[in-house]
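Engineer: Input my_file.cif, format and content: mmCIF, C-alpha atoms.
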```cif
data_target
loop_
_atom_site.label_atom_id
_atom_site.label_comp_id
_atom_site.auth_asym_id
_atom_site.auth_seq_id
_atom_site.Cartn_x
_atom_site.Cartn_y
_atom_site.Cartn_z
CA MET A 26 -67.91 19.27 -1.95
CA ASN A 27 -66.66 15.75 -1.18
CA GLU A 28 -63.04 16.78 -1.80
CA GLU A 29 -63.34 19.63 0.71
CA ASN A 30 -64.59 17.27 3.43
CA LYS A 31 -61.79 14.83 2.68
CA GLU A 32 -59.22 17.64 2.81
CA GLN A 33 -60.62 18.89 6.14
CA LYS A 34 -60.42 15.37 7.60
CA GLU A 35 -56.81 15.07 6.45
CA GLN A 36 -55.94 18.42 8.02
CA LYS A 37 -57.63 17.51 11.28
CA SER A 38 -55.94 14.15 11.40
CA PHE A 39 -52.55 15.81 10.74
CA LEU A 40 -53.19 18.32 13.52
CA GLN A 41 -54.25 15.52 15.85
CA LYS A 42 -51.08 13.59 15.00
CA VAL A 43 -48.91 16.61 15.73
CA LEU A 44 -50.68 17.33 19.02
CA ALA A 45 -50.34 13.67 20.04
CA PHE A 46 -46.59 13.83 19.39
CA ILE A 47 -45.96 17.34 20.78
CA PRO A 48 -48.14 18.40 23.71
CA PRO A 49 -49.87 21.81 23.34
CA LEU A 50 -48.31 23.03 26.58
CA THR A 51 -44.86 22.46 25.09
CA ILE A 52 -45.74 24.45 21.98
CA LEU A 53 -47.04 27.26 24.19
CA GLY A 54 -43.83 27.15 26.25
CA VAL A 55 -41.61 27.50 23.19
CA PHE A 56 -43.72 30.40 21.90
CA VAL A 57 -43.66 32.22 25.24
CA GLY A 58 -39.92 31.60 25.54
CA VAL A 59 -39.16 32.92 22.06
CA LEU A 60 -41.25 36.00 22.72
CA GLY A 61 -39.61 36.51 26.11
CA GLY A 62 -36.12 36.04 24.66
CA TYR A 63 -36.73 38.65 21.99
CA ILE A 64 -38.20 41.12 24.49
CA TYR A 65 -35.17 40.50 26.71
CA TYR A 66 -32.91 41.31 23.74
CA LEU A 67 -34.81 44.54 23.09
CA LYS A 68 -34.95 45.76 26.69
CA VAL A 69 -31.77 44.41 28.30
CA GLY A 70 -29.57 43.35 25.38
CA CYS A 71 -25.84 44.06 25.25
CA VAL A 72 -24.91 47.23 23.35
CA ASP A 73 -21.18 46.72 22.82
CA GLY A 74 -21.49 43.18 21.41
CA THR A 75 -19.38 41.39 24.02
CA CYS A 76 -22.29 39.39 25.45
CA ALA A 77 -22.60 36.13 23.53
CA ILE A 78 -26.33 35.60 23.97
CA THR A 79 -27.94 39.00 24.47
CA SER A 80 -26.02 40.88 21.76
CA ASN A 81 -27.60 38.79 18.99
CA PRO A 82 -31.41 38.67 18.60
CA TRP A 83 -31.28 35.16 17.08
CA MET A 84 -29.34 33.72 19.98
CA SER A 85 -31.52 35.49 22.51
CA THR A 86 -34.74 34.13 20.98
CA LEU A 87 -33.22 30.66 20.59
CA TRP A 88 -32.22 30.52 24.25
CA GLY A 89 -35.58 31.96 25.27
CA GLY A 90 -37.39 29.25 23.32
CA LEU A 91 -35.23 26.57 24.90
CA MET A 92 -35.85 27.90 28.39
CA GLY A 93 -39.59 28.18 27.69
CA TYR A 94 -39.64 24.58 26.49
CA LEU A 95 -37.80 23.34 29.57
CA ILE A 96 -39.94 25.28 32.03
CA PHE A 97 -43.31 24.43 30.47
CA ASP A 98 -42.31 20.81 29.89
CA MET A 99 -42.07 20.33 33.64
CA PHE A 100 -45.87 20.67 33.83
CA ASN A 101 -46.69 18.06 31.17
CA ARG A 102 -48.08 14.85 32.52
CA LYS A 103 -46.09 11.85 31.45
CA SER A 104 -47.87 8.58 30.84
CA LYS A 105 -46.81 5.86 33.24
CA THR A 106 -45.91 2.56 31.70
CA LYS A 107 -46.17 -0.57 33.78
CA LYS A 108 -43.60 -3.25 33.28
CA LYS A 109 -44.78 -6.81 33.48
CA SER A 110 -42.44 -9.09 35.35
#
```
What does this structure look like when you write it as structure tokens?

Structural biologist:
Amino acid sequence: MNEENKEQKEQKSFLQKVLAFIPPLTILGVFVGVLGGYIYYLKVGCVDGTCAITSNPWMSTLWGGLMGYLIFDMFNRKSKTKKKS
């Protein structure tokens, strides 16, 4: 019983550490981008293989994840640090 509570506290603290380092909106952006990149590969992708990004599902999802990260990261609030002079 005591070990389960300790394990739950460790898991929560790990999750809190991850969320403090990587904002949830960024994680959502990468997920949406990866999903969008793969759907783009399925619907629009290049058939003859001459397109560098859209002919390969791995490249398409990688670029989608990167674009999702960049777009969603614009909406994260950055903490302002004041410099003492």

Engineer: If you count only C-alpha atoms, which residues fall within 8 Å of segment 75-81 of chain A, apart from same-chain ones fewer than 5 positions away, as a PyMOL selection string?

Structural biologist: chain A and resi 65-66+69-70+88

Engineer: In Å, with one decimal, what is the gap from atom CA of Met99 of chain A to atom CA of Phe46 of chain A?

Structural biologist: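 Separation of atom CA of Met99 of chain A and atom CA of Phe46 of chain A: 16.3 Å.
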
Engineer: Could you check how far atom CA of Pro82 of chain A sits from atom CA of Phe100 of chain A, in Å to one decimal?

Structural biologist: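 If I compute the distance from atom CA of Pro82 of chain A to atom CA of Phe100 of chain A, I get 27.7 Å.
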
Engineer: Here's the selection I'm unsure about, the PyMOL selection byres ((chain A and resi 92) around 10); applied to the file above, which residues does it give, as a short mmCIF file (atom, residue, chain, number, x, y, z; two decimals) with C-alpha atoms, in the coordinates of the input?

Structural biologist:
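Written file, out-v8.cif:
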```
data_model
loop_
_atom_site.label_atom_id
_atom_site.label_comp_id
_atom_site.auth_asym_id
_atom_site.auth_seq_id
_atom_site.Cartn_x
_atom_site.Cartn_y
_atom_site.Cartn_z
CA GLY A 54 -43.83 27.15 26.25
CA VAL A 55 -41.61 27.50 23.19
CA VAL A 57 -43.66 32.22 25.24
CA GLY A 58 -39.92 31.60 25.54
CA VAL A 59 -39.16 32.92 22.06
CA GLY A 61 -39.61 36.51 26.11
CA GLY A 62 -36.12 36.04 24.66
CA THR A 86 -34.74 34.13 20.98
CA LEU A 87 -33.22 30.66 20.59
CA TRP A 88 -32.22 30.52 24.25
CA GLY A 89 -35.58 31.96 25.27
CA GLY A 90 -37.39 29.25 23.32
CA LEU A 91 -35.23 26.57 24.90
CA GLY A 93 -39.59 28.18 27.69
CA TYR A 94 -39.64 24.58 26.49
CA LEU A 95 -37.80 23.34 29.57
CA ILE A 96 -39.94 25.28 32.03
CA PHE A 97 -43.31 24.43 30.47
CA ASP A 98 -42.31 20.81 29.89
#
```

Engineer: Quick one: distance from atom CA of Glu29 of chain A to atom CA of Lys42 of chain A in Å, one decimal?

Structural biologist: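 Value for the atom CA of Glu29 of chain A-atom CA of Lys42 of chain A distance: 19.8 Å.
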
Engineer: Between A:Lys68, A:Leu60, A:Asn101, A:Gly74, which residue has the minimum interatomic distance to Ile47 of chain A, considering all atoms listed in the file?

Structural biologist: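 Of the candidates, the smallest distance to Ile47 of chain A is held by A:Asn101.
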
Engineer: Kindly output segment 66-83 of chain A as a PDB file, keeping the file's coordinate frame, after building N, CA and C atoms.

Structural biologist:
```
ATOM      1  N   TYR A  66     -33.914  40.695  24.631  1.00  0.00           N
ATOM      2  CA  TYR A  66     -32.910  41.310  23.740  1.00  0.00           C
ATOM      3  C   TYR A  66     -33.193  42.790  23.536  1.00  0.00           C
ATOM      4  N   LEU A  67     -34.456  43.142  23.339  1.00  0.00           N
ATOM      5  CA  LEU A  67     -34.810  44.540  23.090  1.00  0.00           C
ATOM      6  C   LEU A  67     -34.591  45.421  24.324  1.00  0.00           C
ATOM      7  N   LYS A  68     -34.980  44.935  25.488  1.00  0.00           N
ATOM      8  CA  LYS A  68     -34.950  45.760  26.690  1.00  0.00           C
ATOM      9  C   LYS A  68     -33.613  45.723  27.428  1.00  0.00           C
ATOM     10  N   VAL A  69     -32.969  44.562  27.483  1.00  0.00           N
ATOM     11  CA  VAL A  69     -31.770  44.410  28.300  1.00  0.00           C
ATOM     12  C   VAL A  69     -30.525  44.238  27.450  1.00  0.00           C
ATOM     13  N   GLY A  70     -30.665  43.741  26.252  1.00  0.00           N
ATOM     14  CA  GLY A  70     -29.570  43.350  25.380  1.00  0.00           C
ATOM     15  C   GLY A  70     -28.259  44.115  25.542  1.00  0.00           C
ATOM     16  N   CYS A  71     -27.185  43.515  25.099  1.00  0.00           N
ATOM     17  CA  CYS A  71     -25.840  44.060  25.250  1.00  0.00           C
ATOM     18  C   CYS A  71     -25.555  45.008  24.077  1.00  0.00           C
ATOM     19  N   VAL A  72     -25.120  46.218  24.367  1.00  0.00           N
ATOM     20  CA  VAL A  72     -24.910  47.230  23.350  1.00  0.00           C
ATOM     21  C   VAL A  72     -23.561  47.062  22.647  1.00  0.00           C
ATOM     22  N   ASP A  73     -22.515  46.741  23.403  1.00  0.00           N
ATOM     23  CA  ASP A  73     -21.180  46.720  22.820  1.00  0.00           C
ATOM     24  C   ASP A  73     -20.841  45.420  22.095  1.00  0.00           C
ATOM     25  N   GLY A  74     -21.676  44.407  22.169  1.00  0.00           N
ATOM     26  CA  GLY A  74     -21.490  43.180  21.410  1.00  0.00           C
ATOM     27  C   GLY A  74     -20.615  42.148  22.093  1.00  0.00           C
ATOM     28  N   THR A  75     -20.234  42.363  23.336  1.00  0.00           N
ATOM     29  CA  THR A  75     -19.380  41.390  24.020  1.00  0.00           C
ATOM     30  C   THR A  75     -20.170  40.264  24.670  1.00  0.00           C
ATOM     31  N   CYS A  76     -21.458  40.438  24.849  1.00  0.00           N
ATOM     32  CA  CYS A  76     -22.290  39.390  25.450  1.00  0.00           C
ATOM     33  C   CYS A  76     -22.680  38.404  24.350  1.00  0.00           C
ATOM     34  N   ALA A  77     -22.384  37.125  24.580  1.00  0.00           N
ATOM     35  CA  ALA A  77     -22.600  36.130  23.530  1.00  0.00           C
ATOM     36  C   ALA A  77     -24.073  35.904  23.206  1.00  0.00           C
ATOM     37  N   ILE A  78     -24.918  35.922  24.202  1.00  0.00           N
ATOM     38  CA  ILE A  78     -26.330  35.600  23.970  1.00  0.00           C
ATOM     39  C   ILE A  78     -27.161  36.850  23.724  1.00  0.00           C
ATOM     40  N   THR A  79     -27.026  37.854  24.547  1.00  0.00           N
ATOM     41  CA  THR A  79     -27.940  39.000  24.470  1.00  0.00           C
ATOM     42  C   THR A  79     -27.551  40.036  23.427  1.00  0.00           C
ATOM     43  N   SER A  80     -26.381  39.909  22.792  1.00  0.00           N
ATOM     44  CA  SER A  80     -26.020  40.880  21.760  1.00  0.00           C
ATOM     45  C   SER A  80     -26.601  40.506  20.401  1.00  0.00           C
ATOM     46  N   ASN A  81     -27.067  39.281  20.252  1.00  0.00           N
ATOM     47  CA  ASN A  81     -27.600  38.790  18.990  1.00  0.00           C
ATOM     48  C   ASN A  81     -29.072  38.419  19.194  1.00  0.00           C
ATOM     49  N   PRO A  82     -29.987  38.995  18.398  1.00  0.00           N
ATOM     50  CA  PRO A  82     -31.410  38.670  18.600  1.00  0.00           C
ATOM     51  C   PRO A  82     -31.731  37.202  18.312  1.00  0.00           C
ATOM     52  N   TRP A  83     -31.027  36.575  17.393  1.00  0.00           N
ATOM     53  CA  TRP A  83     -31.280  35.160  17.080  1.00  0.00           C
ATOM     54  C   TRP A  83     -30.901  34.258  18.243  1.00  0.00           C
TER      55      TRP A  83
END
```
